[in-house]
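Worksheet: one structure, shown below.
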Amino acid sequence: PEPEEARRGGFLSRLFRRDEGPVARRVLDDEMLEQLEDLLIQADMGVDTALRVTANLAEGRMGRRLSVREIKEALAAEVARIMAPVARPLPLYPSKPQVVLVVGVNGSGKTTTIGKLASQFRAAGKGVVIAAGDTFRAAAVEQLQVWGDRAGVPVMTAPEGSDPASLAFDAMERAKREGADLLMIDTAGRLQNRADLMEELAKIVRVIRKKDPDAPHNTLLVLDATTGQNALTQVEIFQKIADVSGLVMTKLDGTAKGGVLVALADRFGLPIHAIGVGEQIDDLAAFDPEEFAAALVG
Ligand code: GDP
């Protein structure tokens with residue numbers, strides 16, 4: 001299949017001819033394993049993970065006649081097994097405020113995710129403050145304000161082009177003063193000048209640690225699930241420039257079933273705290289490994 005088609009999930013049906021139907025059986029041999037590997041790679045799982053998944057699947061099943069359903073179930077179980085350890089909600093700390101630094105490239109869904117999280121925390125009765133730390137993108141600051149209004153959460157802003165660290169410091173003071181439970185800090189997502197961004201993030205961290213040596217308590221990396229293998233590169237880059245503690249995968253409501261999440265879990269083991277499943281404020285869900293595996297396999 002075309003990569004786009006494979007990403008949609010349900011790719012396993014391609015192991016069989018259309019006219020074979022759901023009860024058709026095929027002997028699991030080397031040729032079929034290789035086909036399976038190819039399909040998993042096309043579904044963004046990456047070569048290493050695809051090889052391991054098929055090897056596990058083959059164990060005890062080689063030479064047996066299997067139906068589509070049996071293969072699907074076995075594969076879904078393999079995927080769910082890899083994903084189970086990373087399905088963990090955002091850990092909450094008693095610190096007031098708990099500081100959540102949000103990083104990711106522009107367009108990944110940072111602003112939207114911050115708005116959705118703020119809304120969830122508000123619904124749980126928590127006091128939240130947002131700092132619009134991407135001070136170089138006026139549009140991002142405006143968007144964040146819109147989301148803050150929707151969530152009923154104050155958004156602290158600074159003049160365009162001003163120092164994000166200084167804004168973070170002020171936001172820390174305000175959150176402390178108001179006894180807020182959470183402070184979420186948006187950050188810039190321009191990877192064009194990596195050294196610059198790294199310095200900017202490091203400075204934010206230095207400054208907020210003056211107020212709380214344990215901050216930030218979480219560094220959330222927001223990833224767009226539709227970018228496929230790019231997500232792997234982004235994790236590598238952001239792990240170098242920030243101390244990433246967990247992931248939010250956005251846009252899992254689209255055609256992409258997020259095969260790359262399996263590769264991510266396998267390679268980095270970072271917790272997936274939540275998934276974005278739409279553009280509305282309530283479209284943020286806990287990551288469910290079994291549901292995910294079933295959707296991926298189709
Ligand atoms: P930022 O540049 O990282 O802050 O990204 P934004 O939050 O502005 O999001 C970029 C685009 O992706 C916007 O059009 C959002 O509506 C959209 N978006 C964000 N999260 C999701 C999601 O989970 N599902 C869908 N379908 N769209 C999303």
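Scheme for the structure tokens: letters A, B, ... for chains in order shown; per-chain residue numbers from 1; ligand numbers from 1 in order shown.
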**Request:** Residues within 6 Å of ligand 1, counting only C-alpha atoms and all ligand atoms: report them as a list in words.
**Result:**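 The neighbouring residues of ligand 1 are, in order, Val105, Asn106, Gly107, Ser108, Gly109, Lys110, Thr111, Thr112, Thr250, Lys251, Asp253, Gly254, Gly276, Val277, Gly278 and Glu279 of chain A.
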**Request:** Extract the full set of helix (DSSP H, G or I) residues from range 29-149 of chain A according to DSSP on the backbone, and format it as an NGL selection string.
**Result:** :A and (30-42 or 47-58 or 68-86 or 110-123 or 138-149)
Would you pick out the contacts of Leu191 in chain A at 10 Å or less, using only C-alpha atoms, so that residues sharing its chain but fewer than 2 positions from it are not included, and give the list as an mmCIF file with all heavy atoms, in the first residue's frame?
```cif
data_model
loop_
_atom_site.group_PDB
_atom_site.id
_atom_site.type_symbol
_atom_site.label_atom_id
_atom_site.label_comp_id
_atom_site.auth_asym_id
_atom_site.auth_seq_id
_atom_site.Cartn_x
_atom_site.Cartn_y
_atom_site.Cartn_z
ATOM 1 N N GLY A 104 7.923 21.909 21.943
ATOM 2 C CA GLY A 104 7.539 21.239 20.699
ATOM 3 C C GLY A 104 7.646 22.207 19.539
ATOM 4 O O GLY A 104 7.672 23.420 19.748
ATOM 5 N N VAL A 105 7.730 21.672 18.333
ATOM 6 C CA VAL A 105 7.862 22.552 17.174
ATOM 7 C C VAL A 105 6.536 23.274 16.903
ATOM 8 O O VAL A 105 5.473 22.793 17.296
ATOM 9 C CB VAL A 105 8.292 21.785 15.888
ATOM 10 C CG1 VAL A 105 9.636 21.114 16.083
ATOM 11 C CG2 VAL A 105 7.253 20.778 15.473
ATOM 12 N N ASN A 106 6.645 24.423 16.244
ATOM 13 C CA ASN A 106 5.444 25.173 15.888
ATOM 14 C C ASN A 106 4.524 24.312 15.043
ATOM 15 O O ASN A 106 4.980 23.617 14.150
ATOM 16 C CB ASN A 106 5.822 26.433 15.113
ATOM 17 C CG ASN A 106 6.580 27.414 15.978
ATOM 18 O OD1 ASN A 106 6.481 27.382 17.206
ATOM 19 N ND2 ASN A 106 7.354 28.286 15.340
ATOM 20 N N ALA A 188 8.878 28.685 22.803
ATOM 21 C CA ALA A 188 9.033 28.832 21.366
ATOM 22 C C ALA A 188 9.319 27.473 20.730
ATOM 23 O O ALA A 188 9.855 26.577 21.363
ATOM 24 C CB ALA A 188 10.179 29.793 21.065
ATOM 25 N N GLY A 189 8.953 27.344 19.445
ATOM 26 C CA GLY A 189 9.136 26.058 18.779
ATOM 27 C C GLY A 189 9.921 26.156 17.495
ATOM 28 O O GLY A 189 9.767 25.347 16.602
ATOM 29 N N ASN A 193 17.033 27.654 14.698
ATOM 30 C CA ASN A 193 18.232 28.033 15.441
ATOM 31 C C ASN A 193 18.231 27.299 16.782
ATOM 32 O O ASN A 193 17.776 27.794 17.795
ATOM 33 C CB ASN A 193 18.262 29.549 15.652
ATOM 34 C CG ASN A 193 19.610 29.984 16.179
ATOM 35 O OD1 ASN A 193 20.387 29.158 16.691
ATOM 36 N ND2 ASN A 193 19.903 31.258 16.068
ATOM 37 N N ARG A 194 18.750 26.088 16.726
ATOM 38 C CA ARG A 194 18.651 25.187 17.854
ATOM 39 C C ARG A 194 19.406 25.671 19.087
ATOM 40 O O ARG A 194 18.924 25.584 20.210
ATOM 41 C CB ARG A 194 19.209 23.824 17.444
ATOM 42 C CG ARG A 194 18.294 22.708 17.815
ATOM 43 C CD ARG A 194 18.868 21.412 17.332
ATOM 44 N NE ARG A 194 18.463 21.116 15.976
ATOM 45 C CZ ARG A 194 18.911 20.056 15.296
ATOM 46 N NH1 ARG A 194 19.782 19.235 15.852
ATOM 47 N NH2 ARG A 194 18.471 19.822 14.081
ATOM 48 N N ALA A 195 20.610 26.200 18.857
ATOM 49 C CA ALA A 195 21.444 26.657 19.977
ATOM 50 C C ALA A 195 20.727 27.776 20.718
ATOM 51 O O ALA A 195 20.718 27.833 21.950
ATOM 52 C CB ALA A 195 22.799 27.122 19.464
ATOM 53 N N ASP A 196 20.101 28.630 19.924
ATOM 54 C CA ASP A 196 19.370 29.764 20.458
ATOM 55 C C ASP A 196 18.192 29.291 21.323
ATOM 56 O O ASP A 196 17.984 29.761 22.439
ATOM 57 C CB ASP A 196 18.848 30.548 19.247
ATOM 58 C CG ASP A 196 18.449 31.940 19.605
ATOM 59 O OD1 ASP A 196 19.186 32.544 20.379
ATOM 60 O OD2 ASP A 196 17.401 32.395 19.094
ATOM 61 N N LEU A 197 17.463 28.333 20.795
ATOM 62 C CA LEU A 197 16.298 27.808 21.521
ATOM 63 C C LEU A 197 16.750 27.103 22.801
ATOM 64 O O LEU A 197 16.127 27.230 23.854
ATOM 65 C CB LEU A 197 15.509 26.839 20.623
ATOM 66 C CG LEU A 197 14.237 26.263 21.236
ATOM 67 C CD1 LEU A 197 13.259 27.352 21.647
ATOM 68 C CD2 LEU A 197 13.554 25.300 20.267
ATOM 69 N N MET A 198 17.845 26.376 22.681
ATOM 70 C CA MET A 198 18.365 25.664 23.851
ATOM 71 C C MET A 198 18.716 26.648 24.958
ATOM 72 O O MET A 198 18.375 26.440 26.117
ATOM 73 C CB MET A 198 19.602 24.842 23.456
ATOM 74 C CG MET A 198 20.179 24.137 24.641
ATOM 75 S SD MET A 198 21.275 22.731 24.414
ATOM 76 C CE MET A 198 21.983 22.783 22.881
ATOM 77 N N GLN A 234 12.218 14.533 16.268
ATOM 78 C CA GLN A 234 11.890 15.624 17.191
ATOM 79 C C GLN A 234 12.168 15.240 18.639
ATOM 80 O O GLN A 234 12.637 16.061 19.429
ATOM 81 C CB GLN A 234 10.427 16.040 17.007
ATOM 82 C CG GLN A 234 10.243 16.841 15.734
ATOM 83 C CD GLN A 234 8.804 17.183 15.448
ATOM 84 O OE1 GLN A 234 7.967 17.195 16.340
ATOM 85 N NE2 GLN A 234 8.511 17.444 14.196
ATOM 86 N N ILE A 237 15.912 15.511 19.166
ATOM 87 C CA ILE A 237 16.374 16.896 19.253
ATOM 88 C C ILE A 237 15.962 17.520 20.584
ATOM 89 O O ILE A 237 16.771 18.116 21.283
ATOM 90 C CB ILE A 237 15.816 17.727 18.072
ATOM 91 C CG1 ILE A 237 16.457 17.244 16.765
ATOM 92 C CG2 ILE A 237 16.080 19.205 18.279
ATOM 93 C CD1 ILE A 237 15.847 17.841 15.515
ATOM 94 N N PHE A 238 14.694 17.347 20.947
ATOM 95 C CA PHE A 238 14.223 18.004 22.169
ATOM 96 C C PHE A 238 14.823 17.388 23.431
ATOM 97 O O PHE A 238 14.988 18.067 24.433
ATOM 98 C CB PHE A 238 12.694 18.041 22.230
ATOM 99 C CG PHE A 238 12.139 19.227 21.505
ATOM 100 C CD1 PHE A 238 11.688 19.119 20.199
ATOM 101 C CD2 PHE A 238 12.107 20.473 22.107
ATOM 102 C CE1 PHE A 238 11.205 20.219 19.511
ATOM 103 C CE2 PHE A 238 11.635 21.585 21.432
ATOM 104 C CZ PHE A 238 11.175 21.458 20.132
#
```
**Prompt:** What lies within 12 Å of range 87-92 of chain A using only C-alpha atoms, ignoring chain neighbours under 4 positions off, as a ChimeraX atom specification?
**Reply:** /A:80-83,96-100,117,120-121,126,181-182,217-220,245-249,261-262,265,269-275,284-292
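Closest approach to Gly152 in chain A among A:Ile281, A:Ala43, A:Ala168, A:Ala225 is made by A:Ile281 (distances from only C-alpha atoms).
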**Item:** Length of the CA of Phe268 in chain A to CA of Asn230 in chain A vector [Å]
**Value:**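 Pair CA of Phe268 in chain A / CA of Asn230 in chain A returns 14.3 Å.
Computed from the coordinates, the CA of Ala132 in chain A to CA of Met156 in chain A distance equals 6.0 Å.
Among the candidates A:Met172, A:Ala77, A:Ala180, A:Val146, the residue lying nearest to Gly127 in chain A is A:Ala180 (atoms considered: only C-alpha atoms).
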**Request:** Go through A:Pro216, A:Asp30, A:Leu264, A:Ala76 and flag the residue nearest Glu236 in chain A, using only C-alpha atoms for the distances.
**Result:** A:Leu264
Any idea what's packed within 10 Å of Ala58 in chain A, counting only C-alpha atoms, ignoring anything in its chain fewer than 2 positions away? Could you give it as a PDB file with N, CA and C atoms, in the first residue's frame?
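And here is the file that came out, out_29.pdb:
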```
ATOM      1  N   LEU A  28       1.679 -19.319   8.397  1.00  0.00           N
ATOM      2  CA  LEU A  28       2.669 -18.310   8.780  1.00  0.00           C
ATOM      3  C   LEU A  28       4.062 -18.832   8.433  1.00  0.00           C
ATOM      4  N   ASP A  29       4.589 -18.334   7.315  1.00  0.00           N
ATOM      5  CA  ASP A  29       5.926 -18.735   6.886  1.00  0.00           C
ATOM      6  C   ASP A  29       6.811 -17.489   6.745  1.00  0.00           C
ATOM      7  N   ASP A  30       8.035 -17.701   6.303  1.00  0.00           N
ATOM      8  CA  ASP A  30       8.977 -16.581   6.199  1.00  0.00           C
ATOM      9  C   ASP A  30       8.462 -15.481   5.280  1.00  0.00           C
ATOM     10  N   LEU A  33       5.850 -13.463   7.037  1.00  0.00           N
ATOM     11  CA  LEU A  33       6.471 -12.617   8.067  1.00  0.00           C
ATOM     12  C   LEU A  33       7.111 -11.398   7.440  1.00  0.00           C
ATOM     13  N   ARG A  52      11.113  -6.644  15.705  1.00  0.00           N
ATOM     14  CA  ARG A  52      10.886  -7.259  17.015  1.00  0.00           C
ATOM     15  C   ARG A  52       9.448  -7.746  17.157  1.00  0.00           C
ATOM     16  N   VAL A  53       8.520  -6.911  16.686  1.00  0.00           N
ATOM     17  CA  VAL A  53       7.102  -7.278  16.794  1.00  0.00           C
ATOM     18  C   VAL A  53       6.818  -8.556  16.001  1.00  0.00           C
ATOM     19  N   THR A  54       7.354  -8.618  14.786  1.00  0.00           N
ATOM     20  CA  THR A  54       7.076  -9.816  13.975  1.00  0.00           C
ATOM     21  C   THR A  54       7.787 -11.043  14.561  1.00  0.00           C
ATOM     22  N   ALA A  55       8.990 -10.835  15.115  1.00  0.00           N
ATOM     23  CA  ALA A  55       9.706 -11.969  15.734  1.00  0.00           C
ATOM     24  C   ALA A  55       8.890 -12.538  16.893  1.00  0.00           C
ATOM     25  N   ASN A  56       8.346 -11.643  17.712  1.00  0.00           N
ATOM     26  CA  ASN A  56       7.526 -12.102  18.837  1.00  0.00           C
ATOM     27  C   ASN A  56       6.277 -12.810  18.348  1.00  0.00           C
ATOM     28  N   GLY A  60       6.231 -19.565  18.367  1.00  0.00           N
ATOM     29  CA  GLY A  60       5.179 -20.552  18.646  1.00  0.00           C
ATOM     30  C   GLY A  60       4.089 -20.608  17.584  1.00  0.00           C
ATOM     31  N   ARG A  61       4.224 -19.754  16.546  1.00  0.00           N
ATOM     32  CA  ARG A  61       3.160 -19.735  15.531  1.00  0.00           C
ATOM     33  C   ARG A  61       3.666 -20.138  14.151  1.00  0.00           C
ATOM     34  N   MET A  62       4.987 -20.270  13.977  1.00  0.00           N
ATOM     35  CA  MET A  62       5.522 -20.571  12.642  1.00  0.00           C
ATOM     36  C   MET A  62       4.938 -21.886  12.129  1.00  0.00           C
ATOM     37  N   GLY A  63       4.564 -21.862  10.845  1.00  0.00           N
ATOM     38  CA  GLY A  63       4.053 -23.073  10.211  1.00  0.00           C
ATOM     39  C   GLY A  63       2.592 -23.355  10.513  1.00  0.00           C
ATOM     40  N   ARG A  64       2.009 -22.551  11.397  1.00  0.00           N
ATOM     41  CA  ARG A  64       0.586 -22.768  11.692  1.00  0.00           C
ATOM     42  C   ARG A  64      -0.280 -22.014  10.700  1.00  0.00           C
ATOM     43  N   ALA A  74      -3.161 -11.243  17.648  1.00  0.00           N
ATOM     44  CA  ALA A  74      -1.793 -11.446  18.150  1.00  0.00           C
ATOM     45  C   ALA A  74      -0.976 -10.166  18.006  1.00  0.00           C
TER      46      ALA A  74
END
```
